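Have a look at the structure below before the remarks.
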Amino acid sequence: TETNYANPTTTNTRIMQIDIPSNKIDGTKKGALTTRGAAMTFTGASGAMYAIAPSSDGTRVYAGGDCESIGGSMRNHIAALDANGNLLSFNLQIEASSAVWALAVDANSNVLYIGGTFDRIAGENRRNLAAWRLAGSGSLLSWTPNPNRAVYALALSGMNIYAGGAFTQMNGTGCRRLAAFDRSNRAFQPWDPGIRGMNVDVFGYKSTEESLACV
């Protein structure tokens with residue numbers, strides 16, 4: 001269990017449901033989260049969970065972290081649950097010494113973007129950033145941006161995919177802490193906002209102002 005900082009008197013099992021207007025967790029639904037109004041409940045993960053992302057149709061939620069099992073079933077670092085909190089067969093078999101820090105689903109292409117610290121995913125070489133097509137039985141895309149260090153944040157905005165983290169290169173090209181890719185073909189964009197020093201851990205996007213906040 002971990003402290004819920006919206007309500008420090010309540011603990012939860014890795015994933016929680018917080019009511020945004022009241023900023024409090026429902027103590028009767030430990031281990032729950034909400035996606036498009038559906039409560040997600042399950043028995044918990046074996047390790048910390050760092051990222052969640054709902055599917056484009058709102059019927060599933062993807063969760064990532066450094067866990068090796070969820071609800072007693074083996075899932076290395078990433079899993080999917082249905083609207084009733086049942087664990088689905090989705091299993092990308094990310095290597096055991098890794099972690100998933102960021103997830104984002106592109107509703108336009110039905111692609112799940114995965115960021116973290118890993119070298120292989122679904123049996124193929126992918127370093128720290130990968131894309132998985134969700135249609136049908138699913139497939140790993142050939143996209144290999146190869147950030148040289150961890151990816152901690154992902155965001156989709158307009159025509160771009162944004163990645164933030166500890167990296168200083170993408171495929172050998174200098175790119176400090178922030179990177180942008182074309183959303184239609186995932187091509188690397190020549191964009192450098194000049195961040196130096198600290199890592200980028202979290203994104204916040206305000207669509208009304210077309211702005212991206214980084215922490």
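Residue numbering restarts at 1 for every chain of the structure tokens, chains are lettered A, B, ... in their displayed order, and ligands are numbered from 1 as they appear.
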For range 103-113 of chain A: contacts at 12 Å, only C-alpha atoms, fewer than 4 positions along chain excluded, given as a PDB file with N, CA, C and O atoms, in the first residue's frame:
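Resulting contents of selection38.pdb:
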```pdb
ATOM      1  N   MET A  49       3.416   1.523  -9.939  1.00  0.00           N
ATOM      2  CA  MET A  49       2.860   1.823 -11.252  1.00  0.00           C
ATOM      3  C   MET A  49       3.095   3.308 -11.541  1.00  0.00           C
ATOM      4  O   MET A  49       2.778   4.162 -10.720  1.00  0.00           O
ATOM      5  N   TYR A  50       3.658   3.607 -12.689  1.00  0.00           N
ATOM      6  CA  TYR A  50       4.051   4.966 -13.016  1.00  0.00           C
ATOM      7  C   TYR A  50       3.181   5.627 -14.080  1.00  0.00           C
ATOM      8  O   TYR A  50       3.200   6.854 -14.211  1.00  0.00           O
ATOM      9  N   ALA A  51       2.470   4.843 -14.875  1.00  0.00           N
ATOM     10  CA  ALA A  51       1.751   5.427 -16.016  1.00  0.00           C
ATOM     11  C   ALA A  51       0.456   4.679 -16.284  1.00  0.00           C
ATOM     12  O   ALA A  51       0.390   3.462 -16.125  1.00  0.00           O
ATOM     13  N   ILE A  52      -0.569   5.425 -16.685  1.00  0.00           N
ATOM     14  CA  ILE A  52      -1.826   4.830 -17.136  1.00  0.00           C
ATOM     15  C   ILE A  52      -2.305   5.572 -18.376  1.00  0.00           C
ATOM     16  O   ILE A  52      -2.026   6.762 -18.546  1.00  0.00           O
ATOM     17  N   ALA A  53      -3.000   4.863 -19.252  1.00  0.00           N
ATOM     18  CA  ALA A  53      -3.557   5.481 -20.454  1.00  0.00           C
ATOM     19  C   ALA A  53      -4.782   4.708 -20.883  1.00  0.00           C
ATOM     20  O   ALA A  53      -4.727   3.485 -21.012  1.00  0.00           O
ATOM     21  N   PRO A  54      -5.917   5.383 -21.108  1.00  0.00           N
ATOM     22  CA  PRO A  54      -7.124   4.695 -21.569  1.00  0.00           C
ATOM     23  C   PRO A  54      -7.046   4.394 -23.056  1.00  0.00           C
ATOM     24  O   PRO A  54      -6.387   5.100 -23.820  1.00  0.00           O
ATOM     25  N   SER A  55      -7.714   3.338 -23.482  1.00  0.00           N
ATOM     26  CA  SER A  55      -7.809   3.037 -24.909  1.00  0.00           C
ATOM     27  C   SER A  55      -8.654   4.112 -25.589  1.00  0.00           C
ATOM     28  O   SER A  55      -9.396   4.848 -24.937  1.00  0.00           O
ATOM     29  N   SER A  56      -8.568   4.189 -26.901  1.00  0.00           N
ATOM     30  CA  SER A  56      -9.278   5.237 -27.627  1.00  0.00           C
ATOM     31  C   SER A  56     -10.788   5.105 -27.522  1.00  0.00           C
ATOM     32  O   SER A  56     -11.514   6.094 -27.625  1.00  0.00           O
ATOM     33  N   ASP A  57     -11.298   3.879 -27.298  1.00  0.00           N
ATOM     34  CA  ASP A  57     -12.748   3.687 -27.164  1.00  0.00           C
ATOM     35  C   ASP A  57     -13.209   3.626 -25.713  1.00  0.00           C
ATOM     36  O   ASP A  57     -14.386   3.449 -25.436  1.00  0.00           O
ATOM     37  N   GLY A  58     -12.278   3.782 -24.768  1.00  0.00           N
ATOM     38  CA  GLY A  58     -12.642   3.821 -23.362  1.00  0.00           C
ATOM     39  C   GLY A  58     -13.003   2.489 -22.741  1.00  0.00           C
ATOM     40  O   GLY A  58     -13.471   2.443 -21.611  1.00  0.00           O
ATOM     41  N   ARG A  60     -10.803  -0.076 -22.254  1.00  0.00           N
ATOM     42  CA  ARG A  60      -9.650  -0.669 -21.584  1.00  0.00           C
ATOM     43  C   ARG A  60      -8.761   0.433 -21.029  1.00  0.00           C
ATOM     44  O   ARG A  60      -8.845   1.580 -21.463  1.00  0.00           O
ATOM     45  N   VAL A  61      -7.911   0.043 -20.110  1.00  0.00           N
ATOM     46  CA  VAL A  61      -6.889   0.963 -19.637  1.00  0.00           C
ATOM     47  C   VAL A  61      -5.558   0.217 -19.610  1.00  0.00           C
ATOM     48  O   VAL A  61      -5.507  -0.971 -19.274  1.00  0.00           O
ATOM     49  N   TYR A  62      -4.507   0.901 -20.014  1.00  0.00           N
ATOM     50  CA  TYR A  62      -3.163   0.340 -20.000  1.00  0.00           C
ATOM     51  C   TYR A  62      -2.398   0.925 -18.824  1.00  0.00           C
ATOM     52  O   TYR A  62      -2.475   2.123 -18.561  1.00  0.00           O
ATOM     53  N   ALA A  63      -1.679   0.075 -18.108  1.00  0.00           N
ATOM     54  CA  ALA A  63      -0.924   0.505 -16.931  1.00  0.00           C
ATOM     55  C   ALA A  63       0.514   0.027 -17.057  1.00  0.00           C
ATOM     56  O   ALA A  63       0.770  -1.105 -17.487  1.00  0.00           O
ATOM     57  N   GLY A  64       1.445   0.900 -16.702  1.00  0.00           N
ATOM     58  CA  GLY A  64       2.853   0.554 -16.796  1.00  0.00           C
ATOM     59  C   GLY A  64       3.607   0.923 -15.535  1.00  0.00           C
ATOM     60  O   GLY A  64       3.211   1.820 -14.806  1.00  0.00           O
ATOM     61  N   GLY A  65       4.704   0.211 -15.279  1.00  0.00           N
ATOM     62  CA  GLY A  65       5.517   0.483 -14.096  1.00  0.00           C
ATOM     63  C   GLY A  65       6.702  -0.458 -14.025  1.00  0.00           C
ATOM     64  O   GLY A  65       7.244  -0.887 -15.046  1.00  0.00           O
ATOM     65  N   HIS A  77       5.853  -5.292 -16.433  1.00  0.00           N
ATOM     66  CA  HIS A  77       5.927  -3.833 -16.574  1.00  0.00           C
ATOM     67  C   HIS A  77       4.791  -3.164 -17.331  1.00  0.00           C
ATOM     68  O   HIS A  77       4.692  -1.939 -17.310  1.00  0.00           O
ATOM     69  N   ILE A  78       3.928  -3.920 -17.984  1.00  0.00           N
ATOM     70  CA  ILE A  78       2.805  -3.306 -18.681  1.00  0.00           C
ATOM     71  C   ILE A  78       1.662  -4.305 -18.764  1.00  0.00           C
ATOM     72  O   ILE A  78       1.882  -5.511 -18.904  1.00  0.00           O
ATOM     73  N   ALA A  79       0.430  -3.783 -18.634  1.00  0.00           N
ATOM     74  CA  ALA A  79      -0.740  -4.658 -18.667  1.00  0.00           C
ATOM     75  C   ALA A  79      -1.944  -3.864 -19.148  1.00  0.00           C
ATOM     76  O   ALA A  79      -1.910  -2.630 -19.232  1.00  0.00           O
ATOM     77  N   ALA A  80      -3.014  -4.574 -19.453  1.00  0.00           N
ATOM     78  CA  ALA A  80      -4.274  -3.955 -19.857  1.00  0.00           C
ATOM     79  C   ALA A  80      -5.401  -4.574 -19.044  1.00  0.00           C
ATOM     80  O   ALA A  80      -5.405  -5.782 -18.769  1.00  0.00           O
ATOM     81  N   LEU A  92       3.287  -7.700 -23.344  1.00  0.00           N
ATOM     82  CA  LEU A  92       4.369  -7.371 -24.264  1.00  0.00           C
ATOM     83  C   LEU A  92       5.718  -7.930 -23.846  1.00  0.00           C
ATOM     84  O   LEU A  92       6.707  -7.747 -24.542  1.00  0.00           O
ATOM     85  N   ALA A  99      11.627  -0.822 -16.801  1.00  0.00           N
ATOM     86  CA  ALA A  99      10.479  -0.134 -16.217  1.00  0.00           C
ATOM     87  C   ALA A  99       9.784   0.677 -17.304  1.00  0.00           C
ATOM     88  O   ALA A  99      10.434   1.188 -18.215  1.00  0.00           O
ATOM     89  N   ASN A 128      14.085   2.136 -24.999  1.00  0.00           N
ATOM     90  CA  ASN A 128      13.469   3.205 -24.197  1.00  0.00           C
ATOM     91  C   ASN A 128      12.225   3.866 -24.782  1.00  0.00           C
ATOM     92  O   ASN A 128      11.531   4.603 -24.083  1.00  0.00           O
ATOM     93  N   LEU A 129      11.918   3.610 -26.051  1.00  0.00           N
ATOM     94  CA  LEU A 129      10.733   4.207 -26.663  1.00  0.00           C
ATOM     95  C   LEU A 129      10.264   3.302 -27.799  1.00  0.00           C
ATOM     96  O   LEU A 129      11.058   2.901 -28.652  1.00  0.00           O
ATOM     97  N   ALA A 130       8.958   2.958 -27.775  1.00  0.00           N
ATOM     98  CA  ALA A 130       8.426   2.030 -28.771  1.00  0.00           C
ATOM     99  C   ALA A 130       6.972   2.347 -29.056  1.00  0.00           C
ATOM    100  O   ALA A 130       6.325   3.097 -28.311  1.00  0.00           O
ATOM    101  N   ALA A 131       6.463   1.757 -30.135  1.00  0.00           N
ATOM    102  CA  ALA A 131       5.064   1.962 -30.522  1.00  0.00           C
ATOM    103  C   ALA A 131       4.445   0.607 -30.851  1.00  0.00           C
ATOM    104  O   ALA A 131       5.038  -0.193 -31.582  1.00  0.00           O
ATOM    105  N   TRP A 132       3.241   0.379 -30.322  1.00  0.00           N
ATOM    106  CA  TRP A 132       2.537  -0.890 -30.505  1.00  0.00           C
ATOM    107  C   TRP A 132       1.176  -0.616 -31.140  1.00  0.00           C
ATOM    108  O   TRP A 132       0.380   0.137 -30.597  1.00  0.00           O
ATOM    109  N   ARG A 133       0.924  -1.239 -32.311  1.00  0.00           N
ATOM    110  CA  ARG A 133      -0.371  -1.084 -32.960  1.00  0.00           C
ATOM    111  C   ARG A 133      -1.395  -1.951 -32.240  1.00  0.00           C
ATOM    112  O   ARG A 133      -1.197  -3.161 -32.070  1.00  0.00           O
ATOM    113  N   LEU A 134      -2.493  -1.352 -31.811  1.00  0.00           N
ATOM    114  CA  LEU A 134      -3.472  -2.042 -30.982  1.00  0.00           C
ATOM    115  C   LEU A 134      -4.520  -2.810 -31.787  1.00  0.00           C
ATOM    116  O   LEU A 134      -5.215  -3.658 -31.240  1.00  0.00           O
ATOM    117  N   ALA A 135      -4.662  -2.520 -33.066  1.00  0.00           N
ATOM    118  CA  ALA A 135      -5.684  -3.169 -33.885  1.00  0.00           C
ATOM    119  C   ALA A 135      -5.439  -4.670 -33.991  1.00  0.00           C
ATOM    120  O   ALA A 135      -4.288  -5.124 -34.035  1.00  0.00           O
ATOM    121  N   GLY A 136      -6.525  -5.450 -34.018  1.00  0.00           N
ATOM    122  CA  GLY A 136      -6.422  -6.894 -34.149  1.00  0.00           C
ATOM    123  C   GLY A 136      -5.681  -7.516 -32.985  1.00  0.00           C
ATOM    124  O   GLY A 136      -5.898  -7.166 -31.823  1.00  0.00           O
ATOM    125  N   GLY A 138      -2.581  -7.063 -32.476  1.00  0.00           N
ATOM    126  CA  GLY A 138      -1.522  -6.139 -32.115  1.00  0.00           C
ATOM    127  C   GLY A 138      -0.193  -6.476 -32.772  1.00  0.00           C
ATOM    128  O   GLY A 138       0.067  -7.629 -33.131  1.00  0.00           O
ATOM    129  N   SER A 139       0.648  -5.461 -32.936  1.00  0.00           N
ATOM    130  CA  SER A 139       1.974  -5.688 -33.515  1.00  0.00           C
ATOM    131  C   SER A 139       2.895  -4.541 -33.144  1.00  0.00           C
ATOM    132  O   SER A 139       2.474  -3.391 -33.015  1.00  0.00           O
ATOM    133  N   LEU A 140       4.164  -4.868 -32.971  1.00  0.00           N
ATOM    134  CA  LEU A 140       5.173  -3.872 -32.671  1.00  0.00           C
ATOM    135  C   LEU A 140       5.558  -3.148 -33.960  1.00  0.00           C
ATOM    136  O   LEU A 140       5.894  -3.785 -34.963  1.00  0.00           O
ATOM    137  N   LEU A 141       5.498  -1.816 -33.950  1.00  0.00           N
ATOM    138  CA  LEU A 141       5.865  -1.051 -35.137  1.00  0.00           C
ATOM    139  C   LEU A 141       7.381  -1.019 -35.311  1.00  0.00           C
ATOM    140  O   LEU A 141       8.137  -1.170 -34.351  1.00  0.00           O
ATOM    141  N   TRP A 143       9.227   1.428 -35.853  1.00  0.00           N
ATOM    142  CA  TRP A 143       9.771   2.706 -35.372  1.00  0.00           C
ATOM    143  C   TRP A 143      10.843   2.486 -34.307  1.00  0.00           C
ATOM    144  O   TRP A 143      10.607   1.820 -33.294  1.00  0.00           O
ATOM    145  N   THR A 144      12.036   3.046 -34.516  1.00  0.00           N
ATOM    146  CA  THR A 144      13.145   2.886 -33.568  1.00  0.00           C
ATOM    147  C   THR A 144      13.853   4.221 -33.348  1.00  0.00           C
ATOM    148  O   THR A 144      14.938   4.458 -33.896  1.00  0.00           O
ATOM    149  N   PRO A 145      13.293   5.111 -32.532  1.00  0.00           N
ATOM    150  CA  PRO A 145      13.923   6.414 -32.285  1.00  0.00           C
ATOM    151  C   PRO A 145      15.192   6.323 -31.446  1.00  0.00           C
ATOM    152  O   PRO A 145      16.027   7.224 -31.484  1.00  0.00           O
ATOM    153  N   VAL A 151      13.049   7.567 -21.055  1.00  0.00           N
ATOM    154  CA  VAL A 151      11.902   8.405 -21.420  1.00  0.00           C
ATOM    155  C   VAL A 151      10.912   8.359 -20.269  1.00  0.00           C
ATOM    156  O   VAL A 151      10.444   7.285 -19.893  1.00  0.00           O
ATOM    157  N   TYR A 152      10.602   9.526 -19.693  1.00  0.00           N
ATOM    158  CA  TYR A 152       9.731   9.609 -18.523  1.00  0.00           C
ATOM    159  C   TYR A 152       8.354  10.190 -18.827  1.00  0.00           C
ATOM    160  O   TYR A 152       7.446  10.087 -17.998  1.00  0.00           O
ATOM    161  N   ALA A 153       8.177  10.818 -19.967  1.00  0.00           N
ATOM    162  CA  ALA A 153       6.907  11.490 -20.263  1.00  0.00           C
ATOM    163  C   ALA A 153       6.594  11.407 -21.751  1.00  0.00           C
ATOM    164  O   ALA A 153       7.493  11.465 -22.591  1.00  0.00           O
ATOM    165  N   LEU A 154       5.294  11.272 -22.067  1.00  0.00           N
ATOM    166  CA  LEU A 154       4.820  11.261 -23.442  1.00  0.00           C
ATOM    167  C   LEU A 154       3.553  12.098 -23.533  1.00  0.00           C
ATOM    168  O   LEU A 154       2.742  12.106 -22.611  1.00  0.00           O
ATOM    169  N   ALA A 155       3.381  12.784 -24.655  1.00  0.00           N
ATOM    170  CA  ALA A 155       2.169  13.568 -24.875  1.00  0.00           C
ATOM    171  C   ALA A 155       1.883  13.637 -26.372  1.00  0.00           C
ATOM    172  O   ALA A 155       2.805  13.681 -27.189  1.00  0.00           O
ATOM    173  N   LEU A 156       0.596  13.633 -26.726  1.00  0.00           N
ATOM    174  CA  LEU A 156       0.150  13.783 -28.100  1.00  0.00           C
ATOM    175  C   LEU A 156      -0.549  15.129 -28.223  1.00  0.00           C
ATOM    176  O   LEU A 156      -1.449  15.439 -27.453  1.00  0.00           O
ATOM    177  N   SER A 157      -0.124  15.917 -29.189  1.00  0.00           N
ATOM    178  CA  SER A 157      -0.703  17.251 -29.340  1.00  0.00           C
ATOM    179  C   SER A 157      -0.664  17.657 -30.795  1.00  0.00           C
ATOM    180  O   SER A 157       0.415  17.686 -31.410  1.00  0.00           O
ATOM    181  N   GLY A 158      -1.838  17.975 -31.371  1.00  0.00           N
ATOM    182  CA  GLY A 158      -1.877  18.408 -32.749  1.00  0.00           C
ATOM    183  C   GLY A 158      -1.260  17.392 -33.680  1.00  0.00           C
ATOM    184  O   GLY A 158      -1.657  16.227 -33.715  1.00  0.00           O
ATOM    185  N   MET A 159      -0.236  17.792 -34.410  1.00  0.00           N
ATOM    186  CA  MET A 159       0.426  16.910 -35.369  1.00  0.00           C
ATOM    187  C   MET A 159       1.671  16.243 -34.802  1.00  0.00           C
ATOM    188  O   MET A 159       2.412  15.586 -35.540  1.00  0.00           O
ATOM    189  N   ASN A 160       1.909  16.387 -33.497  1.00  0.00           N
ATOM    190  CA  ASN A 160       3.160  15.903 -32.927  1.00  0.00           C
ATOM    191  C   ASN A 160       2.986  14.915 -31.781  1.00  0.00           C
ATOM    192  O   ASN A 160       1.969  14.906 -31.081  1.00  0.00           O
ATOM    193  N   ILE A 161       4.028  14.101 -31.606  1.00  0.00           N
ATOM    194  CA  ILE A 161       4.212  13.253 -30.438  1.00  0.00           C
ATOM    195  C   ILE A 161       5.401  13.841 -29.691  1.00  0.00           C
ATOM    196  O   ILE A 161       6.467  14.055 -30.286  1.00  0.00           O
ATOM    197  N   TYR A 162       5.232  14.113 -28.407  1.00  0.00           N
ATOM    198  CA  TYR A 162       6.319  14.678 -27.612  1.00  0.00           C
ATOM    199  C   TYR A 162       6.827  13.648 -26.617  1.00  0.00           C
ATOM    200  O   TYR A 162       6.042  12.920 -26.002  1.00  0.00           O
ATOM    201  N   ALA A 163       8.145  13.603 -26.455  1.00  0.00           N
ATOM    202  CA  ALA A 163       8.777  12.730 -25.466  1.00  0.00           C
ATOM    203  C   ALA A 163       9.678  13.569 -24.583  1.00  0.00           C
ATOM    204  O   ALA A 163      10.365  14.480 -25.059  1.00  0.00           O
ATOM    205  N   GLY A 164       9.663  13.264 -23.285  1.00  0.00           N
ATOM    206  CA  GLY A 164      10.533  13.949 -22.347  1.00  0.00           C
ATOM    207  C   GLY A 164      11.255  12.934 -21.482  1.00  0.00           C
ATOM    208  O   GLY A 164      10.760  11.826 -21.272  1.00  0.00           O
ATOM    209  N   PHE A 181       8.074  14.257 -32.601  1.00  0.00           N
ATOM    210  CA  PHE A 181       7.971  13.393 -33.767  1.00  0.00           C
ATOM    211  C   PHE A 181       6.668  13.716 -34.498  1.00  0.00           C
ATOM    212  O   PHE A 181       5.668  14.033 -33.863  1.00  0.00           O
ATOM    213  N   ARG A 183       3.277  13.108 -35.984  1.00  0.00           N
ATOM    214  CA  ARG A 183       2.272  12.147 -35.541  1.00  0.00           C
ATOM    215  C   ARG A 183       1.818  11.204 -36.655  1.00  0.00           C
ATOM    216  O   ARG A 183       1.394  10.085 -36.391  1.00  0.00           O
ATOM    217  N   SER A 184       1.945  11.623 -37.904  1.00  0.00           N
ATOM    218  CA  SER A 184       1.462  10.801 -39.005  1.00  0.00           C
ATOM    219  C   SER A 184       2.450   9.719 -39.404  1.00  0.00           C
ATOM    220  O   SER A 184       2.064   8.600 -39.734  1.00  0.00           O
ATOM    221  N   ASN A 185       3.761  10.028 -39.360  1.00  0.00           N
ATOM    222  CA  ASN A 185       4.760   9.040 -39.782  1.00  0.00           C
ATOM    223  C   ASN A 185       5.860   8.804 -38.752  1.00  0.00           C
ATOM    224  O   ASN A 185       6.816   8.074 -39.015  1.00  0.00           O
ATOM    225  N   ARG A 186       5.752   9.469 -37.602  1.00  0.00           N
ATOM    226  CA  ARG A 186       6.681   9.315 -36.484  1.00  0.00           C
ATOM    227  C   ARG A 186       8.112   9.753 -36.826  1.00  0.00           C
ATOM    228  O   ARG A 186       9.074   9.332 -36.195  1.00  0.00           O
ATOM    229  N   VAL A 202       7.331  15.007 -16.398  1.00  0.00           N
ATOM    230  CA  VAL A 202       5.879  15.065 -16.555  1.00  0.00           C
ATOM    231  C   VAL A 202       5.524  16.114 -17.603  1.00  0.00           C
ATOM    232  O   VAL A 202       6.158  17.169 -17.677  1.00  0.00           O
ATOM    233  N   PHE A 203       4.488  15.808 -18.414  1.00  0.00           N
ATOM    234  CA  PHE A 203       3.941  16.775 -19.351  1.00  0.00           C
ATOM    235  C   PHE A 203       2.541  17.177 -18.919  1.00  0.00           C
ATOM    236  O   PHE A 203       1.782  16.360 -18.395  1.00  0.00           O
TER     237      PHE A 203
END
```
Which residue gives the smallest distance to Gly72 in chain A among A:Gly47, A:Gly194, A:Gly116, A:Gly174, with only C-alpha atoms counted?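 Closest residue, counting only C-alpha atoms: A:Gly47.
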Between A:Asn171, A:Ser73, A:Ser89, A:Asn146, which is the closest to Arg120 in chain A once you count only C-alpha atoms?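 Looking at the shortest contact to Arg120 in chain A, the residue is A:Asn146.
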At what distance in Å, to one decimal, does CA of Phe90 in chain A lie from CA of Arg149 in chain A?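 Computing the Euclidean distance for CA of Arg149 in chain A and CA of Phe90 in chain A yields 26.1 Å.
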